[in-house]
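With CSV, C-alpha atoms inside, this is start32.csv:
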chain,number,residue,atom,x,y,z
P,1,MET,CA,5.3,-9.5,-12.3
P,2,ASN,CA,6.4,-6.0,-11.3
P,3,PHE,CA,6.8,-5.1,-7.6
P,4,TYR,CA,7.1,-1.7,-5.9
P,5,VAL,CA,8.3,-0.3,-2.6
P,6,LEU,CA,5.3,1.4,-0.8
P,7,LEU,CA,6.2,4.8,0.8
P,8,PRO,CA,4.4,8.0,1.9
P,9,TYR,CA,3.4,10.4,-0.9
P,10,GLY,CA,6.0,13.1,-1.4
P,11,SER,CA,8.8,11.3,0.4
P,12,GLU,CA,10.9,11.4,-2.8
P,13,LYS,CA,11.6,15.0,-1.9
P,14,PHE,CA,13.4,13.9,1.2
P,15,GLY,CA,15.3,10.8,-0.1
P,16,GLY,CA,12.5,8.4,0.7
P,17,GLY,CA,12.9,8.9,4.5
P,18,LEU,CA,10.3,11.5,5.6
P,19,PHE,CA,6.6,12.1,5.4
P,20,GLY,CA,6.5,15.4,3.6
P,21,SER,CA,3.6,17.9,4.1
P,22,ASP,CA,1.2,17.0,1.4
P,23,PHE,CA,-0.7,14.6,3.7
P,24,ALA,CA,-1.2,14.3,7.4
P,25,TYR,CA,1.1,11.9,9.3
P,26,ARG,CA,0.5,10.5,12.8
P,27,LYS,CA,2.2,10.7,16.2
P,28,ARG,CA,1.5,8.4,19.1
P,29,ALA,CA,-0.5,9.9,21.9
P,30,ASP,CA,0.0,9.0,25.6
P,31,PRO,CA,-0.4,6.5,27.1
P,32,VAL,CA,1.7,4.4,24.7
P,33,HIS,CA,2.1,0.7,25.5
P,34,ILE,CA,4.9,-1.3,23.8
P,35,GLY,CA,5.1,-5.1,23.9
P,36,ASP,CA,8.2,-6.8,25.1
P,37,HIS,CA,8.5,-9.5,22.4
P,38,ALA,CA,9.0,-9.0,18.6
P,39,ALA,CA,8.3,-11.5,15.9
P,40,GLU,CA,11.0,-14.1,15.4
P,41,CYS,CA,12.4,-16.1,12.5
P,42,PRO,CA,10.9,-19.5,12.8
P,43,VAL,CA,14.2,-21.1,11.9
P,44,CYS,CA,16.9,-19.3,13.9
P,45,GLY,CA,14.8,-17.2,16.3
P,46,ARG,CA,16.3,-13.9,15.3
P,47,TYR,CA,13.9,-10.9,15.7
P,48,VAL,CA,12.4,-9.9,12.4
P,49,SER,CA,10.2,-7.0,13.5
P,50,MET,CA,10.0,-4.0,15.8
P,51,LEU,CA,8.5,-4.4,19.3
P,52,PRO,CA,4.7,-4.2,18.8
P,53,TRP,CA,2.6,-1.2,19.7
P,54,LEU,CA,-0.1,-2.5,21.9
P,55,GLU,CA,-3.8,-1.4,22.0
P,56,PRO,CA,-5.4,0.9,22.5
P,57,HIS,CA,-3.9,3.0,19.7
P,58,ARG,CA,-4.2,6.7,20.4
P,59,VAL,CA,-2.8,9.2,17.8
P,60,LYS,CA,-2.4,12.8,16.9
P,61,LEU,CA,-2.7,13.9,13.3
P,62,SER,CA,-0.3,16.5,12.0
P,63,SER,CA,-3.0,18.5,10.2
P,64,ALA,CA,-6.7,19.5,10.7
P,65,ASN,CA,-7.2,20.0,7.0
P,66,PRO,CA,-9.5,17.3,5.7
P,67,LYS,CA,-7.8,17.5,2.2
P,68,LYS,CA,-4.7,16.1,3.9
P,69,TRP,CA,-6.3,13.0,5.4
P,70,GLY,CA,-5.3,10.2,3.1
P,71,ASP,CA,-6.1,6.5,2.9
P,72,PHE,CA,-2.6,5.7,4.2
P,73,LEU,CA,-1.6,7.3,7.5
P,74,TRP,CA,2.1,7.0,8.1
P,75,GLY,CA,4.1,7.2,11.3
P,76,THR,CA,7.3,6.0,12.7
P,77,ASP,CA,6.1,2.4,12.6
P,78,VAL,CA,7.0,0.3,9.5
P,79,ALA,CA,3.4,-0.3,8.6
P,80,PRO,CA,1.0,2.6,8.0
P,81,MET,CA,-2.5,2.9,9.4
P,82,VAL,CA,-5.2,2.6,6.8
P,83,SER,CA,-8.7,4.2,6.4
P,84,GLU,CA,-11.9,2.3,6.7
P,85,ARG,CA,-12.4,2.9,3.0
P,86,PHE,CA,-9.1,1.2,2.2
P,87,GLN,CA,-10.1,-1.8,4.3
P,88,GLU,CA,-13.5,-2.1,2.5
P,89,ILE,CA,-11.7,-1.9,-0.9
P,90,TYR,CA,-9.0,-4.4,0.1
P,91,GLU,CA,-11.6,-7.0,1.2
P,92,GLN,CA,-13.8,-6.3,-1.8
P,93,GLU,CA,-11.0,-6.8,-4.3
P,94,GLY,CA,-9.7,-9.9,-2.5
P,95,LEU,CA,-6.2,-8.6,-1.9
P,96,GLN,CA,-3.8,-10.6,0.2
P,97,GLY,CA,-1.0,-9.9,2.6
P,98,ILE,CA,-2.5,-8.0,5.6
P,99,THR,CA,-2.8,-10.5,8.4
P,100,ARG,CA,-4.7,-8.2,10.8
P,101,PHE,CA,-6.7,-5.0,10.8
P,102,TYR,CA,-6.7,-3.7,14.4
P,103,PRO,CA,-9.6,-1.9,16.0
P,104,PRO,CA,-10.0,1.8,15.0
P,105,ALA,CA,-7.4,4.1,16.6
P,106,GLU,CA,-8.6,6.9,18.9
P,107,ILE,CA,-7.7,10.2,17.3
P,108,VAL,CA,-7.3,12.8,20.1
P,109,GLN,CA,-6.0,15.8,18.1
P,110,ALA,CA,-5.6,17.1,14.6
P,111,GLY,CA,-3.1,19.9,14.1
P,112,ARG,CA,-3.6,22.1,17.1
P,113,LYS,CA,-7.3,21.3,17.4
P,114,LYS,CA,-9.1,18.8,19.6
P,115,ILE,CA,-11.3,16.4,17.7
P,116,ALA,CA,-14.4,17.8,19.4
P,117,ASP,CA,-13.6,21.2,17.8
P,118,LEU,CA,-13.5,20.0,14.2
P,119,ALA,CA,-16.4,20.6,11.9
P,120,VAL,CA,-15.4,17.6,9.8
P,121,LYS,CA,-14.2,14.5,11.6
P,122,PRO,CA,-11.2,12.5,10.4
P,123,PRO,CA,-11.6,9.0,8.9
P,124,SER,CA,-11.5,5.9,11.0
P,125,TYR,CA,-7.9,4.6,10.8
P,126,ARG,CA,-6.6,1.1,11.8
P,127,LEU,CA,-3.1,-0.2,12.3
P,128,ILE,CA,-2.3,-3.2,10.2
P,129,ASP,CA,0.0,-6.2,10.4
P,130,ILE,CA,1.6,-7.1,7.1
P,131,ILE,CA,2.8,-10.6,6.4
P,132,TRP,CA,6.6,-11.2,6.8
P,133,GLY,CA,8.1,-13.7,4.3
P,134,GLY,CA,5.9,-13.3,1.2
P,135,ALA,CA,9.1,-13.6,-0.8
P,136,ALA,CA,12.8,-13.8,-0.3
P,137,VAL,CA,15.4,-11.2,-1.3
P,138,ASP,CA,18.2,-12.5,-3.5
P,139,LEU,CA,21.1,-11.1,-1.5
P,140,GLU,CA,23.7,-11.3,-4.2
P,141,ALA,CA,21.6,-9.9,-7.1
P,142,SER,CA,20.5,-7.1,-4.8
P,143,GLY,CA,24.1,-6.0,-4.1
P,144,ILE,CA,23.7,-6.3,-0.3
P,145,ARG,CA,26.7,-5.9,2.0
P,146,THR,CA,26.5,-6.2,5.8
P,147,GLU,CA,29.2,-6.0,8.5
P,148,SER,CA,28.6,-9.7,9.2
P,149,PRO,CA,26.9,-12.1,6.7
P,150,PRO,CA,23.6,-13.7,7.4
P,151,ALA,CA,23.8,-16.8,9.6
P,152,CYS,CA,20.4,-18.0,8.6
P,153,ASP,CA,19.4,-19.0,5.0
P,154,PHE,CA,15.7,-18.4,5.9
P,155,CYS,CA,15.5,-14.9,7.3
P,156,ARG,CA,18.6,-13.8,5.5
P,157,TYR,CA,19.4,-10.9,7.8
P,158,GLY,CA,23.0,-9.9,8.3
P,159,ASP,CA,24.2,-7.4,11.0
P,160,SER,CA,24.5,-3.7,10.1
P,161,LEU,CA,23.5,-3.0,6.6
P,162,LEU,CA,26.2,-1.2,4.7
P,163,GLU,CA,24.9,-1.2,1.1
P,164,GLN,CA,21.9,-2.4,-0.9
P,165,GLN,CA,22.0,-1.5,-4.6
P,166,ARG,CA,18.4,-2.5,-5.4
P,167,THR,CA,15.9,-5.2,-4.3
P,168,VAL,CA,15.7,-8.4,-6.4
P,169,LEU,CA,13.4,-11.1,-5.3
P,170,GLU,CA,14.6,-14.7,-5.6
P,171,ALA,CA,12.9,-16.5,-8.5
P,172,GLY,CA,10.0,-18.6,-7.4
P,173,SER,CA,10.0,-17.3,-3.8
P,174,TRP,CA,6.9,-15.0,-4.1
P,175,THR,CA,3.9,-16.7,-2.4
P,176,GLY,CA,1.2,-14.6,-4.1
P,177,GLU,CA,0.6,-11.8,-1.5
P,178,ASP,CA,-0.2,-8.3,-2.8
P,179,ILE,CA,1.5,-6.6,0.1
P,180,PHE,CA,4.3,-8.1,2.1
P,181,MET,CA,7.7,-7.7,3.7
P,182,PRO,CA,10.2,-10.1,2.2
P,183,ARG,CA,12.7,-12.3,4.0
P,184,GLY,CA,16.0,-10.5,3.9
P,185,GLY,CA,14.5,-7.0,3.4
P,186,GLY,CA,12.9,-4.4,5.6
P,187,GLN,CA,10.7,-2.6,3.1
P,188,ILE,CA,6.9,-2.9,2.4
P,189,LEU,CA,6.5,-4.3,-1.1
P,190,VAL,CA,3.3,-4.4,-3.2
P,191,SER,CA,2.3,-6.2,-6.3
P,192,GLU,CA,1.1,-4.9,-9.7
P,193,ARG,CA,-2.4,-5.8,-8.7
P,194,PHE,CA,-2.1,-3.6,-5.5
P,195,ARG,CA,-0.9,-0.8,-7.7
P,196,HIS,CA,-4.0,-1.1,-10.0
P,197,VAL,CA,-6.3,-1.1,-7.0
P,198,ILE,CA,-4.7,2.2,-5.7
P,199,GLU,CA,-5.2,3.7,-9.1
P,200,ASP,CA,-8.7,2.5,-9.8
P,201,TYR,CA,-10.0,3.7,-6.5
P,202,GLU,CA,-7.8,6.8,-6.2
P,203,LEU,CA,-6.4,5.8,-2.8
P,204,ARG,CA,-4.4,8.6,-1.4
P,205,ASN,CA,-1.0,9.1,0.3
P,206,ALA,CA,1.0,6.4,-1.5
P,207,LEU,CA,4.2,6.5,-3.4
P,208,LEU,CA,5.3,3.4,-5.4
P,209,VAL,CA,8.9,3.0,-6.3
P,210,PRO,CA,10.2,0.3,-8.6
P,211,LEU,CA,12.5,-2.1,-6.7
P,212,GLU,CA,15.6,-1.3,-8.7
P,213,GLN,CA,15.2,2.4,-8.0
P,214,TYR,CA,15.4,2.2,-4.2
P,215,TYR,CA,18.8,1.7,-2.7
P,216,TYR,CA,20.7,2.0,0.6
P,217,VAL,CA,24.1,3.3,1.3
P,218,TYR,CA,25.7,3.9,4.7
P,219,PRO,CA,25.6,6.4,6.2
P,220,GLY,CA,23.2,8.2,3.9
P,221,GLY,CA,20.3,5.7,4.4
P,222,TRP,CA,17.6,4.7,2.0
P,223,GLN,CA,17.4,6.8,-1.2
P,224,ILE,CA,15.4,7.0,-4.5
P,225,ARG,CA,17.5,7.2,-7.6
P,226,PRO,CA,17.3,10.6,-9.4
P,227,GLY,CA,14.9,10.5,-12.3
P,228,ALA,CA,13.3,7.2,-11.2
P,229,PRO,CA,9.8,6.6,-12.7
P,230,LEU,CA,7.7,7.1,-9.6
P,231,LEU,CA,4.0,6.6,-9.1
P,232,SER,CA,2.5,9.1,-6.7
P,233,TYR,CA,-1.1,9.0,-5.4

Using structure tokens, write down the structure that the file contains.
Amino acid sequence: MNFYVLLPYGSEKFGGGLFGSDFAYRKRADPVHIGDHAAECPVCGRYVSMLPWLEPHRVKLSSANPKKWGDFLWGTDVAPMVSERFQEIYEQEGLQGITRFYPPAEIVQAGRKKIADLAVKPPSYRLIDIIWGGAAVDLEASGIRTESPPACDFCRYGDSLLEQQRTVLEAGSWTGEDIFMPRGGGQILVSERFRHVIEDYELRNALLVPLEQYYYVYPGGWQIRPGAPLLSY
């Protein structure tokens, strides 16, 4: 089974860390409400997620050009928002790994235009929750170095990542989800099946990077290896 890191389209131009300008991205619009309790490892209690962005979700799109409104809408959160079309396809195809589709976000602005001034309205976008723990990262095979080693064999997070040469999933740890965040890793991973759904339905604003081609080095951050066989949609 092949797995891929899911990123915004065009982010290979910026080392895998930015959105690019090929598709619209989102910014939170006031008022923004943030929860005070992140998800925890069920074994050691360590936080394994960011603090949640609470409803209602209000956003601004970076572009008013309908050609730039993809099926994945990225922001500073780990998980993207997804279009109503994506949700319908996801459910139709029986994909697994999204634990919640939130109510549609309120889009208050696109580019410099108010939504009421647009001739074409943006898609309906929803924030999603992605399962944590759909597999476990093999820390040694992945070449992971941290300032302090993981204290918990379940969540596998050490303090202050210094290097990760690649991502290798521990044999037998994958639980069958098509989109997930593995224990010991902070990236969104997708299955070969998820890839085929993106291709078959021409879902837009996704970049798939083979696990061995995505690495981290301090202080440069996450990078895509030059010449990596990327899949852009």

For P:Arg204, please output as JSON, numbers by chain all residues within 6 Å (counting only C-alpha atoms; exclusion window: fewer than 4 positions along the same chain).
-> {"P": [70, 71, 233]}

Leaving out stretch 130-140 of chain P and any residue of its chain fewer than 6 positions from it, which residues lie within 9 Å of it when counting all atoms listed in the file, given as a PyMOL selection string?
-> chain P and resi 48-49+79+97-100+154-156+164+167-185+188

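One finds atom CA of P:Arg195 at 11.2 Å from atom CA of P:Pro210.
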
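Residues surrounding stretch 18-22 of chain P within 7 Å are Pro8, Gly10, Ser11 and Lys68 of chain P [all atoms listed in the file; sequence separation below 5 positions excluded].
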
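Restricting the calculation to only C-alpha atoms, the smallest distance between P:Ile128 and any of P:Val209, P:Cys152, P:Met81, P:Cys44 is found for P:Met81.
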
Rank nothing, just name the residue among P:Val5, P:Leu231, P:Leu61, P:Ala141 nearest to P:Lys121, using all atoms listed in the file.
-> P:Leu61

What separation in Å, quoted to one decimal, exists between atom CA of P:Glu147 and atom CA of P:Leu208?
->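 The value is 29.2 Å.
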
Quote the spacing between atom CA of P:Ile198 and atom CA of P:Tyr214 in Å to one decimal place.
->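 Atom CA of P:Ile198 sits 20.2 Å away from atom CA of P:Tyr214.
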
Close residues, stretch 109-119 of chain P itself excluded, 7 Å, only C-alpha atoms, min 3 positions apart in chain, as a PyMOL selection string | chain P and resi 60-64

List the spatial neighbours of P:Arg58 as a short mmCIF file (atom, residue, chain, number, x, y, z; two decimals) with C-alpha atoms, in the frame of the given file - criterion: any atom at most 6 Å away, all atoms listed in the file, same-chain residues fewer than 6 positions off excluded.
data_model
loop_
_atom_site.label_atom_id
_atom_site.label_comp_id
_atom_site.auth_asym_id
_atom_site.auth_seq_id
_atom_site.Cartn_x
_atom_site.Cartn_y
_atom_site.Cartn_z
CA ALA P 29 -0.50 9.90 21.90
CA ALA P 105 -7.40 4.10 16.60
CA GLU P 106 -8.60 6.90 18.90
CA ILE P 107 -7.70 10.20 17.30
#

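Each of P:Pro42, P:Gly158, P:Pro149, P:Pro56 was compared to P:Pro103 using all atoms listed in the file, and P:Pro56 turns out to be the nearest.
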
Go through P:His37, P:Tyr4, P:Pro123, P:Met50 one by one, measure the shortest atom-to-atom distance of each to P:Ala24 using only C-alpha atoms, and give the residue with the smallest value.
->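 Checking each candidate against P:Ala24, we get P:Pro123 as the closest.
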
Go through P:Tyr218, P:Arg225, P:Glu212, P:Tyr201 one by one, measure the shortest atom-to-atom distance of each to P:Glu93 using all atoms listed in the file, and give the residue with the smallest value.
->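 When distances to P:Glu93 are compared using all atoms listed in the file, the smallest one comes from P:Tyr201.
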
Pick from P:Leu95, P:His33, P:Glu163, P:Tyr9, whichever lies nearest to P:Leu207 using only C-alpha atoms |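 Looking at the shortest contact to P:Leu207, the residue is P:Tyr9.
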